[in-house]
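> Here you go, this is target.tsv (TSV, C-alpha atoms and all ligand atoms).
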chain	number	residue	atom	x	y	z
A	1	MET	CA	-4.43	23.86	-9.90
A	2	SER	CA	-2.19	20.96	-8.81
A	3	LYS	CA	-3.93	17.90	-7.46
A	4	VAL	CA	-3.16	16.55	-3.99
A	5	ALA	CA	-2.22	12.98	-3.10
A	6	ILE	CA	-1.83	11.28	0.27
A	7	ILE	CA	0.35	8.17	0.40
A	8	THR	CA	0.30	6.23	3.68
A	9	GLY	CA	3.46	4.43	4.78
A	10	SER	CA	5.56	6.57	2.45
A	11	ALA	CA	8.68	7.18	4.56
A	12	GLY	CA	10.34	4.32	2.67
A	13	GLY	CA	9.84	1.32	0.41
A	14	LEU	CA	7.12	1.21	-2.23
A	15	GLY	CA	5.22	4.12	-0.67
A	16	LYS	CA	8.19	6.45	-1.06
A	17	GLY	CA	8.61	5.34	-4.69
A	18	ILE	CA	4.92	6.01	-5.34
A	19	ALA	CA	5.10	9.43	-3.66
A	20	LYS	CA	8.16	10.34	-5.72
A	21	ARG	CA	6.43	9.41	-8.96
A	22	LEU	CA	3.20	11.24	-8.10
A	23	GLY	CA	5.34	14.29	-7.25
A	24	GLU	CA	6.91	14.03	-10.72
A	25	ASP	CA	3.38	13.74	-12.14
A	26	GLY	CA	2.64	17.17	-10.62
A	27	PHE	CA	0.76	16.23	-7.45
A	28	LYS	CA	1.27	18.04	-4.18
A	29	ILE	CA	2.37	15.26	-1.86
A	30	VAL	CA	1.29	14.36	1.66
A	31	LEU	CA	3.84	11.93	3.06
A	32	HIS	CA	2.69	9.83	5.97
A	33	ASP	CA	4.16	7.16	8.23
A	34	ILE	CA	4.21	5.76	11.75
A	35	ASN	CA	8.02	6.15	11.75
A	36	LYS	CA	8.60	9.84	12.51
A	37	GLU	CA	12.36	9.84	12.06
A	38	MET	CA	12.29	8.19	8.64
A	39	LEU	CA	9.39	10.43	7.62
A	40	ASN	CA	11.33	13.60	8.53
A	41	SER	CA	14.28	12.54	6.44
A	42	THR	CA	12.05	11.63	3.47
A	43	LEU	CA	10.25	14.98	3.70
A	44	LYS	CA	13.61	16.75	3.58
A	45	GLU	CA	14.56	14.77	0.46
A	46	PHE	CA	11.28	15.71	-1.23
A	47	LYS	CA	11.58	19.38	-0.31
A	48	ASP	CA	15.22	19.47	-1.47
A	49	ALA	CA	14.02	18.02	-4.79
A	50	GLY	CA	11.46	20.83	-5.09
A	51	VAL	CA	8.34	18.73	-4.48
A	52	GLU	CA	5.56	20.66	-2.76
A	53	SER	CA	5.02	18.38	0.20
A	54	ILE	CA	4.13	18.02	3.86
A	55	SER	CA	4.34	15.08	6.23
A	56	VAL	CA	1.91	13.73	8.80
A	57	VAL	CA	2.77	11.12	11.43
A	58	GLY	CA	0.04	8.58	12.11
A	59	ASP	CA	-0.99	4.98	12.57
A	60	VAL	CA	-3.30	3.71	9.83
A	61	SER	CA	-4.91	1.22	12.19
A	62	LYS	CA	-6.36	4.12	14.21
A	63	ARG	CA	-9.49	5.53	12.61
A	64	GLU	CA	-9.01	8.99	14.14
A	65	ASP	CA	-5.45	9.15	12.76
A	66	GLN	CA	-6.73	8.49	9.24
A	67	PHE	CA	-9.38	11.22	9.48
A	68	ASN	CA	-6.77	13.57	10.97
A	69	LEU	CA	-4.46	12.79	8.03
A	70	VAL	CA	-7.09	13.93	5.53
A	71	LYS	CA	-7.78	17.03	7.63
A	72	GLU	CA	-4.08	17.97	7.72
A	73	ALA	CA	-3.83	17.50	3.95
A	74	VAL	CA	-6.86	19.70	3.29
A	75	ASP	CA	-5.73	22.33	5.82
A	76	ALA	CA	-2.37	22.54	4.03
A	77	PHE	CA	-3.42	22.24	0.39
A	78	GLY	CA	-7.17	23.00	0.32
A	79	GLN	CA	-8.33	19.77	-1.33
A	80	LEU	CA	-7.73	16.05	-1.78
A	81	ASP	CA	-7.72	14.10	-5.04
A	82	VAL	CA	-5.95	10.78	-4.46
A	83	PHE	CA	-5.56	8.62	-1.35
A	84	VAL	CA	-3.11	5.72	-1.56
A	85	ASN	CA	-3.65	3.14	1.20
A	86	ASN	CA	-0.09	1.85	0.93
A	87	ALA	CA	0.99	1.12	4.53
A	88	GLY	CA	1.09	-2.56	5.37
A	89	ILE	CA	2.93	-5.05	7.55
A	90	ASP	CA	4.06	-8.63	7.00
A	91	VAL	CA	4.07	-11.67	9.23
A	92	VAL	CA	5.71	-15.04	8.61
A	93	SER	CA	4.41	-18.05	10.50
A	94	PRO	CA	3.43	-21.68	10.03
A	95	PHE	CA	-0.35	-22.07	9.96
A	96	LEU	CA	-0.38	-24.03	13.24
A	97	ASP	CA	1.38	-21.18	15.07
A	98	ILE	CA	-1.00	-18.40	14.01
A	99	ASP	CA	-2.25	-16.75	17.19
A	100	GLU	CA	-4.72	-14.07	18.20
A	101	ASN	CA	-2.11	-11.36	18.56
A	102	GLN	CA	-0.70	-12.00	15.06
A	103	LEU	CA	-4.16	-12.02	13.50
A	104	ASN	CA	-5.32	-8.88	15.29
A	105	LYS	CA	-2.18	-6.85	14.59
A	106	THR	CA	-1.90	-7.74	10.91
A	107	PHE	CA	-5.59	-7.27	10.20
A	108	ALA	CA	-5.60	-3.99	12.18
A	109	VAL	CA	-2.94	-2.41	9.96
A	110	ASN	CA	-3.56	-4.01	6.55
A	111	VAL	CA	-7.35	-4.27	6.58
A	112	ASN	CA	-8.73	-1.85	9.18
A	113	GLY	CA	-6.19	0.73	7.99
A	114	THR	CA	-7.41	0.43	4.41
A	115	VAL	CA	-11.06	0.69	5.43
A	116	PHE	CA	-10.47	3.75	7.64
A	117	GLY	CA	-8.34	5.44	4.99
A	118	THR	CA	-11.00	4.85	2.34
A	119	GLN	CA	-13.72	6.21	4.62
A	120	ALA	CA	-11.73	9.34	5.48
A	121	ALA	CA	-10.87	10.03	1.83
A	122	ALA	CA	-14.41	9.31	0.60
A	123	GLU	CA	-15.91	11.69	3.16
A	124	GLN	CA	-13.67	14.47	1.83
A	125	PHE	CA	-14.32	13.65	-1.85
A	126	ILE	CA	-18.08	13.72	-1.24
A	127	LYS	CA	-17.80	17.05	0.61
A	128	GLN	CA	-15.81	18.51	-2.31
A	129	ASP	CA	-18.16	16.93	-4.88
A	130	THR	CA	-15.14	16.01	-6.99
A	131	LYS	CA	-14.11	12.72	-8.50
A	132	GLY	CA	-11.68	11.07	-6.12
A	133	LYS	CA	-9.37	8.10	-6.38
A	134	VAL	CA	-8.64	5.57	-3.67
A	135	ILE	CA	-5.77	3.23	-4.51
A	136	ASN	CA	-5.09	0.27	-2.20
A	137	ALA	CA	-1.96	-1.82	-1.68
A	138	CYS	CA	-3.01	-5.38	-2.32
A	139	SER	CA	-0.46	-8.04	-3.42
A	140	ILE	CA	-0.13	-11.19	-5.45
A	141	ALA	CA	-0.93	-12.62	-2.00
A	142	GLY	CA	-4.39	-11.08	-2.44
A	143	HIS	CA	-4.92	-13.41	-5.40
A	144	GLU	CA	-3.07	-16.50	-4.19
A	145	SER	CA	-2.35	-17.53	-0.61
A	146	PHE	CA	1.27	-18.39	0.11
A	147	GLU	CA	2.67	-20.91	2.60
A	148	MET	CA	4.03	-19.32	5.79
A	149	LEU	CA	2.23	-16.12	4.79
A	150	GLY	CA	-1.29	-17.28	5.64
A	151	THR	CA	-2.28	-14.34	7.82
A	152	TYR	CA	-0.69	-11.80	5.48
A	153	SER	CA	-2.37	-13.42	2.46
A	154	ALA	CA	-5.75	-13.35	4.22
A	155	THR	CA	-5.37	-9.62	4.89
A	156	LYS	CA	-4.61	-8.96	1.23
A	157	HIS	CA	-7.62	-11.03	0.12
A	158	ALA	CA	-9.66	-8.82	2.46
A	159	VAL	CA	-8.15	-5.69	0.88
A	160	ARG	CA	-9.20	-6.99	-2.54
A	161	SER	CA	-12.71	-7.66	-1.23
A	162	PHE	CA	-13.02	-4.15	0.26
A	163	THR	CA	-11.72	-2.73	-3.02
A	164	HIS	CA	-14.67	-4.42	-4.75
A	165	SER	CA	-17.35	-3.45	-2.24
A	166	ALA	CA	-16.16	0.13	-1.76
A	167	SER	CA	-15.95	0.67	-5.52
A	168	LYS	CA	-19.57	-0.41	-5.93
A	169	GLU	CA	-20.88	1.77	-3.10
A	170	LEU	CA	-18.78	4.84	-3.92
A	171	ALA	CA	-19.26	4.85	-7.71
A	172	PRO	CA	-22.40	7.06	-7.46
A	173	TYR	CA	-20.12	9.73	-5.94
A	174	LYS	CA	-17.67	9.45	-8.90
A	175	ILE	CA	-15.11	7.86	-6.56
A	176	ARG	CA	-12.93	5.16	-8.12
A	177	VAL	CA	-11.44	2.48	-5.87
A	178	ASN	CA	-8.72	0.24	-7.29
A	179	ALA	CA	-5.75	-1.74	-5.99
A	180	TYR	CA	-2.21	-2.52	-7.10
A	181	CYS	CA	-0.88	-6.01	-6.48
A	182	PRO	CA	2.93	-6.09	-6.46
A	183	GLY	CA	4.96	-9.30	-6.53
A	184	VAL	CA	8.42	-9.38	-5.00
A	185	ALA	CA	10.13	-6.04	-4.40
A	186	GLY	CA	13.32	-5.91	-2.36
A	187	THR	CA	12.17	-3.48	0.31
A	188	ALA	CA	12.53	-3.69	4.09
A	189	MET	CA	9.40	-5.88	4.05
A	190	TRP	CA	11.13	-8.57	2.01
A	191	ASP	CA	14.27	-8.33	4.20
A	192	ARG	CA	12.06	-9.20	7.16
A	193	ILE	CA	10.15	-11.97	5.35
A	194	ASP	CA	13.42	-13.56	4.21
A	195	GLU	CA	14.95	-13.34	7.69
A	196	GLU	CA	11.89	-14.94	9.29
A	197	MET	CA	11.37	-17.66	6.66
A	198	VAL	CA	14.87	-19.10	6.84
A	199	LYS	CA	14.39	-19.71	10.57
A	200	TYR	CA	11.88	-22.43	9.74
A	201	TYR	CA	13.99	-24.37	7.22
A	202	ASP	CA	17.28	-26.08	8.20
A	203	ASP	CA	18.54	-26.10	4.61
A	204	MET	CA	18.00	-22.38	4.01
A	205	GLU	CA	20.34	-19.46	4.54
A	206	ARG	CA	19.71	-15.74	4.68
A	207	GLY	CA	18.68	-14.56	1.21
A	208	ASP	CA	17.46	-17.98	0.03
A	209	ALA	CA	13.72	-17.37	0.50
A	210	TYR	CA	13.92	-14.09	-1.40
A	211	LYS	CA	16.01	-15.73	-4.12
A	212	GLN	CA	13.52	-18.59	-4.50
A	213	PHE	CA	10.66	-16.13	-5.02
A	214	VAL	CA	12.70	-14.01	-7.46
A	215	ASP	CA	13.77	-17.12	-9.40
A	216	GLY	CA	10.08	-17.76	-10.05
A	217	ILE	CA	9.55	-14.43	-11.85
A	218	SER	CA	9.07	-14.87	-15.61
A	219	LEU	CA	10.67	-11.54	-16.48
A	220	GLY	CA	13.78	-12.60	-14.56
A	221	ARG	CA	14.24	-9.79	-12.06
A	222	SER	CA	12.81	-8.55	-8.79
A	223	GLN	CA	10.43	-5.61	-8.71
A	224	GLU	CA	11.61	-2.02	-8.24
A	225	PRO	CA	9.49	0.64	-6.50
A	226	GLU	CA	9.34	2.40	-9.90
A	227	ASP	CA	7.55	-0.62	-11.43
A	228	VAL	CA	4.80	-0.30	-8.82
A	229	ALA	CA	4.74	3.49	-9.10
A	230	ASN	CA	4.11	3.23	-12.87
A	231	LEU	CA	0.83	1.41	-12.21
A	232	VAL	CA	-0.20	3.69	-9.34
A	233	SER	CA	0.55	6.75	-11.48
A	234	PHE	CA	-1.87	5.40	-14.10
A	235	LEU	CA	-4.54	4.62	-11.48
A	236	ALA	CA	-4.16	8.16	-10.09
A	237	SER	CA	-4.49	9.74	-13.53
A	238	ASP	CA	-7.50	10.66	-15.64
A	239	ASP	CA	-6.48	7.89	-18.07
A	240	SER	CA	-7.88	5.31	-15.65
A	241	ASP	CA	-11.22	7.08	-15.12
A	242	TYR	CA	-13.21	4.18	-16.60
A	243	ILE	CA	-11.60	1.61	-14.27
A	244	THR	CA	-12.95	0.86	-10.81
A	245	GLY	CA	-13.03	-2.12	-8.44
A	246	GLN	CA	-9.95	-3.77	-9.95
A	247	ALA	CA	-6.98	-5.30	-8.14
A	248	ILE	CA	-4.31	-5.21	-10.84
A	249	ILE	CA	-1.27	-7.47	-10.65
A	250	THR	CA	2.19	-6.02	-11.37
A	251	ASP	CA	4.63	-8.85	-10.65
A	252	GLY	CA	6.78	-9.54	-13.73
A	253	GLY	CA	4.95	-12.82	-14.16
A	254	ILE	CA	4.42	-14.88	-10.98
A	255	VAL	CA	0.66	-15.16	-10.56
A	256	TYR	CA	-1.54	-15.44	-13.66
A	257	ARG	CA	-5.21	-14.33	-13.41
B	1	LIG	N1	7.60	-5.47	-0.96
B	1	LIG	C1	6.84	-6.31	-1.64
B	1	LIG	O1	7.35	-7.21	-2.33
B	1	LIG	C2	5.36	-6.20	-1.63
B	1	LIG	C3	4.68	-5.25	-0.88
B	1	LIG	N2	3.31	-5.19	-0.94
B	1	LIG	C4	2.56	-4.21	-0.16
B	1	LIG	O2	2.99	-2.89	-0.50
B	1	LIG	C5	2.90	-2.03	0.65
B	1	LIG	C6	4.25	-1.40	0.92
B	1	LIG	O3	5.20	-2.44	1.13
B	1	LIG	P1	6.76	-2.16	1.35
B	1	LIG	O4	7.12	-0.82	0.91
B	1	LIG	O5	7.46	-3.32	0.80
B	1	LIG	O6	6.82	-2.26	2.95
B	1	LIG	P2	7.90	-1.60	3.95
B	1	LIG	O7	7.80	-2.39	5.20
B	1	LIG	O8	9.21	-1.50	3.27
B	1	LIG	O9	7.33	-0.13	4.17
B	1	LIG	C7	6.08	0.06	4.79
B	1	LIG	C8	6.01	1.44	5.40
B	1	LIG	O10	4.77	1.52	6.12
B	1	LIG	C9	5.01	2.06	7.41
B	1	LIG	N3	4.01	1.54	8.35
B	1	LIG	C10	3.93	0.32	8.91
B	1	LIG	N4	2.89	0.24	9.73
B	1	LIG	C11	2.27	1.44	9.70
B	1	LIG	C12	1.12	1.97	10.35
B	1	LIG	N5	0.42	1.25	11.24
B	1	LIG	N6	0.74	3.24	10.06
B	1	LIG	C13	1.47	4.00	9.20
B	1	LIG	N7	2.57	3.54	8.57
B	1	LIG	C14	2.97	2.28	8.81
B	1	LIG	C15	6.42	1.62	7.76
B	1	LIG	O11	6.99	2.44	8.77
B	1	LIG	C16	7.12	1.70	6.42
B	1	LIG	O12	7.69	2.98	6.18
B	1	LIG	C17	2.40	-2.92	1.80
B	1	LIG	O13	1.02	-2.79	1.94
B	1	LIG	C18	2.77	-4.33	1.33
B	1	LIG	O14	1.94	-5.30	1.90
B	1	LIG	C19	2.58	-6.04	-1.72
B	1	LIG	C20	3.20	-6.98	-2.46
B	1	LIG	C21	4.63	-7.15	-2.47
B	2	LIG	C1	5.19	-9.59	0.42
B	2	LIG	C2	4.16	-10.01	-0.52
B	2	LIG	O1	3.23	-9.29	-0.73
B	2	LIG	C3	4.21	-11.25	-1.18
B	2	LIG	C4	5.10	-12.29	-0.73
B	2	LIG	O2	3.50	-11.45	-2.09
Mind turning the file's structure into structure tokens?

Amino acid sequence: MSKVAIITGSAGGLGKGIAKRLGEDGFKIVLHDINKEMLNSTLKEFKDAGVESISVVGDVSKREDQFNLVKEAVDAFGQLDVFVNNAGIDVVSPFLDIDENQLNKTFAVNVNGTVFGTQAAAEQFIKQDTKGKVINACSIAGHESFEMLGTYSATKHAVRSFTHSASKELAPYKIRVNAYCPGVAGTAMWDRIDEEMVKYYDDMERGDAYKQFVDGISLGRSQEPEDVANLVSFLASDDSDYITGQAIITDGGIVYR
């Protein structure tokens, strides 16, 4: 029987790339996003391509939405095998301008969302008494904190920490919890980061911040969603069964750990 994977924030960007790859790997796919319009068009693409898939609209920062997401997946496909906590948001700001609203919003989506998603998935895996896999979107910013990305970096350090603690507590239930840590992928997130960053530097133009980051990549090119999906595919597969609690960097050579 085909396995079932949920990928949060999969209407576009890295999440869509991951969902596409897991579909190719033979998973039934549960697409999910806060953006209903984009989600509908992505679902149509998946269905047209013959991927057995459904979509669920939700906000990862709301605990009830995350539990509802798992319920909808199980109602449609009868089981759950992989939960990818992919949805995340960025924020660019000098340290001295970080305010309560920025902290609360970014932590609510990136950190609370990951915790609630992991809880909802784990509850289902335990009920099924099957091995389950939780796979979290971390970042190179979860290993190294970047200037102007202080709040975002802190959320990704927290995701790495929850990946460690959840993996320890859930191992007795055969649940593996790992994270992927991308570098610089030219999605809508990086368009926004670039646009915001150049506002703070007189000598920078649109595209310069992104270019500076990409110029620092040893392998000489920016990341494609497929590069990230390759790692997530491995973490979702039986081949990674002996790996848990790891936050694995896939960045073409930016951060060395
Ligand atoms: N693009 C990059 O270079 C990197 C991205 N990442 C991480 O990878 C993940 C995906 O990033 P991208 O695809 O680049 O971002 P993106 O901004 O292109 O796509 C994120 C998707 O998540 C959805 N989303 C946002 N808030 C949501 C919420 N509250 N509930 C449900 N869905 C929500 C958006 O509608 C969007 O479709 C994020 O967690 C990000 O932090 C990590 C390292 C580098
Ligand atoms: C967007 C991101 O995760 C960076 C800059 O590492």
> How would you report the residues lying within 10 Å of ligand LIG 2 (chain B), as a PyMOL selection string, if you count all atoms listed in the file?
chain A and resi 88-92+137-149+152-153+156+181-187+189-194+210+213+251+254-255
> Pick the closest to ligand LIG 1 (chain B) from A:Ser161, A:Asn101, A:Thr244, A:Thr114: which is it, counting only C-alpha atoms and all ligand atoms?
A:Thr114
> Which one of A:Ala209, A:Ile135, A:Ala229, A:Leu39 sits closest to Ile175 of chain A if you count all atoms listed in the file?
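Counting all atoms listed in the file, the residue closest to Ile175 of chain A is A:Ile135.
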> Determine the nearest neighbour of Tyr180 of chain A from the options A:Lys3, A:Lys71, A:Lys127, A:Arg160, counting all atoms listed in the file.
A:Arg160
> Would you work out the distance separating atom CA of Phe116 of chain A from atom N7 of ligand LIG 1 (chain B), expressed in Å to one decimal?
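For atom CA of Phe116 of chain A relative to atom N7 of ligand LIG 1 (chain B), the distance reads 13.1 Å.
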> How big is the axis-aligned box around the listed atoms of ligand LIG 1 (chain B) once 3 Å is added on each side, and where is its centre? Give both in Å to one decimal, as lines of an AutoDock Vina configuration file.

center_x = 4.8
center_y = -1.6
center_z = 4.4
size_x = 14.8
size_y = 17.2
size_z = 19.7
> List as a ChimeraX atom specification the protein and nucleic acid residues near Glu226 of chain A, meaning an atom at most 12 Å away when all atoms listed in the file are counted, but skip any in the same chain fewer than 2 places from it.
/A:13-22,24,182,185-186,222-224,228-233,250
> Kindly export the residues of the current selection with C-alpha atoms, as an mmCIF file, in the frame of the given file.

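Below is the file result_11.cif, written as the result:
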data_model
loop_
_atom_site.group_PDB
_atom_site.id
_atom_site.type_symbol
_atom_site.label_atom_id
_atom_site.label_comp_id
_atom_site.auth_asym_id
_atom_site.auth_seq_id
_atom_site.Cartn_x
_atom_site.Cartn_y
_atom_site.Cartn_z
ATOM 1 C CA GLY A 13 9.840 1.320 0.410
ATOM 2 C CA LEU A 14 7.120 1.210 -2.230
ATOM 3 C CA GLY A 15 5.220 4.120 -0.670
ATOM 4 C CA LYS A 16 8.190 6.450 -1.060
ATOM 5 C CA GLY A 17 8.610 5.340 -4.690
ATOM 6 C CA ILE A 18 4.920 6.010 -5.340
ATOM 7 C CA ALA A 19 5.100 9.430 -3.660
ATOM 8 C CA LYS A 20 8.160 10.340 -5.720
ATOM 9 C CA ARG A 21 6.430 9.410 -8.960
ATOM 10 C CA LEU A 22 3.200 11.240 -8.100
ATOM 11 C CA GLU A 24 6.910 14.030 -10.720
ATOM 12 C CA PRO A 182 2.930 -6.090 -6.460
ATOM 13 C CA ALA A 185 10.130 -6.040 -4.400
ATOM 14 C CA GLY A 186 13.320 -5.910 -2.360
ATOM 15 C CA SER A 222 12.810 -8.550 -8.790
ATOM 16 C CA GLN A 223 10.430 -5.610 -8.710
ATOM 17 C CA GLU A 224 11.610 -2.020 -8.240
ATOM 18 C CA VAL A 228 4.800 -0.300 -8.820
ATOM 19 C CA ALA A 229 4.740 3.490 -9.100
ATOM 20 C CA ASN A 230 4.110 3.230 -12.870
ATOM 21 C CA LEU A 231 0.830 1.410 -12.210
ATOM 22 C CA VAL A 232 -0.200 3.690 -9.340
ATOM 23 C CA SER A 233 0.550 6.750 -11.480
ATOM 24 C CA THR A 250 2.190 -6.020 -11.370
#
> Distance cut-off 6 Å, centre (-3.5, 15.0, -4.2) in file coordinates, counting all atoms listed in the file: which residues qualify? Return them as a list in words.
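Every polymer residue passing the test: Lys3, Val4, Ala5, Phe27, Lys28, Leu80, Asp81 and Val82 of chain A.
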> Taking N, CA and C atoms as the atom set, what does segment 70-99 of chain A look like once completed, written as a compact mmCIF listing (two decimals), keeping the file's coordinate frame?

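Writing done, so here's part-v2.txt:
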# COMPACT_ATOMS: atom_id res chain seq x y z
N VAL A 70 -6.36 13.22 6.60
CA VAL A 70 -7.09 13.93 5.53
C VAL A 70 -7.26 15.40 5.91
N LYS A 71 -7.58 15.64 7.18
CA LYS A 71 -7.78 17.03 7.63
C LYS A 71 -6.50 17.85 7.45
N GLU A 72 -5.37 17.25 7.85
CA GLU A 72 -4.08 17.97 7.72
C GLU A 72 -3.77 18.26 6.26
N ALA A 73 -4.09 17.32 5.39
CA ALA A 73 -3.83 17.50 3.95
C ALA A 73 -4.67 18.66 3.41
N VAL A 74 -5.94 18.67 3.80
CA VAL A 74 -6.86 19.70 3.29
C VAL A 74 -6.52 21.06 3.91
N ASP A 75 -6.15 21.06 5.19
CA ASP A 75 -5.73 22.33 5.82
C ASP A 75 -4.52 22.92 5.08
N ALA A 76 -3.60 22.04 4.67
CA ALA A 76 -2.37 22.54 4.03
C ALA A 76 -2.59 22.90 2.57
N PHE A 77 -3.35 22.09 1.85
CA PHE A 77 -3.42 22.24 0.39
C PHE A 77 -4.81 22.55 -0.16
N GLY A 78 -5.83 22.56 0.73
CA GLY A 78 -7.17 23.00 0.32
C GLY A 78 -8.05 21.96 -0.33
N GLN A 79 -7.52 20.80 -0.67
CA GLN A 79 -8.33 19.77 -1.33
C GLN A 79 -7.61 18.42 -1.26
N LEU A 80 -8.33 17.38 -1.67
CA LEU A 80 -7.73 16.05 -1.78
C LEU A 80 -8.23 15.40 -3.06
N ASP A 81 -7.33 14.74 -3.78
CA ASP A 81 -7.72 14.10 -5.04
C ASP A 81 -7.43 12.60 -5.08
N VAL A 82 -6.36 12.20 -4.41
CA VAL A 82 -5.95 10.78 -4.46
C VAL A 82 -5.52 10.35 -3.06
N PHE A 83 -5.99 9.18 -2.64
CA PHE A 83 -5.56 8.62 -1.35
C PHE A 83 -5.02 7.22 -1.60
N VAL A 84 -3.73 7.03 -1.35
CA VAL A 84 -3.11 5.72 -1.56
C VAL A 84 -2.96 5.02 -0.20
N ASN A 85 -3.74 3.97 -0.01
CA ASN A 85 -3.65 3.14 1.20
C ASN A 85 -2.49 2.17 1.03
N ASN A 86 -1.27 2.68 1.23
CA ASN A 86 -0.09 1.85 0.93
C ASN A 86 0.45 1.11 2.16
N ALA A 87 0.34 1.71 3.34
CA ALA A 87 0.99 1.12 4.53
C ALA A 87 0.52 -0.31 4.75
N GLY A 88 1.46 -1.17 5.08
CA GLY A 88 1.09 -2.56 5.37
C GLY A 88 2.22 -3.22 6.13
N ILE A 89 1.88 -4.29 6.83
CA ILE A 89 2.93 -5.05 7.55
C ILE A 89 2.84 -6.52 7.15
N ASP A 90 3.96 -7.21 7.35
CA ASP A 90 4.06 -8.63 7.00
C ASP A 90 4.08 -9.46 8.27
N VAL A 91 3.83 -10.74 8.13
CA VAL A 91 4.07 -11.67 9.23
C VAL A 91 4.32 -13.04 8.61
N VAL A 92 5.36 -13.70 9.11
CA VAL A 92 5.71 -15.04 8.61
C VAL A 92 5.44 -16.02 9.74
N SER A 93 4.64 -17.05 9.46
CA SER A 93 4.41 -18.05 10.50
C SER A 93 3.76 -19.30 9.92
N PRO A 94 4.14 -20.46 10.43
CA PRO A 94 3.43 -21.68 10.03
C PRO A 94 1.96 -21.55 10.44
N PHE A 95 1.09 -22.17 9.68
CA PHE A 95 -0.35 -22.07 9.96
C PHE A 95 -0.67 -22.46 11.41
N LEU A 96 -0.04 -23.53 11.90
CA LEU A 96 -0.38 -24.03 13.24
C LEU A 96 0.05 -23.09 14.36
N ASP A 97 0.92 -22.14 14.05
CA ASP A 97 1.38 -21.18 15.07
C ASP A 97 0.64 -19.84 15.03
N ILE A 98 -0.30 -19.69 14.11
CA ILE A 98 -1.00 -18.40 14.01
C ILE A 98 -1.76 -18.17 15.33
N ASP A 99 -1.54 -17.02 15.93
CA ASP A 99 -2.25 -16.75 17.19
C ASP A 99 -3.07 -15.46 17.10
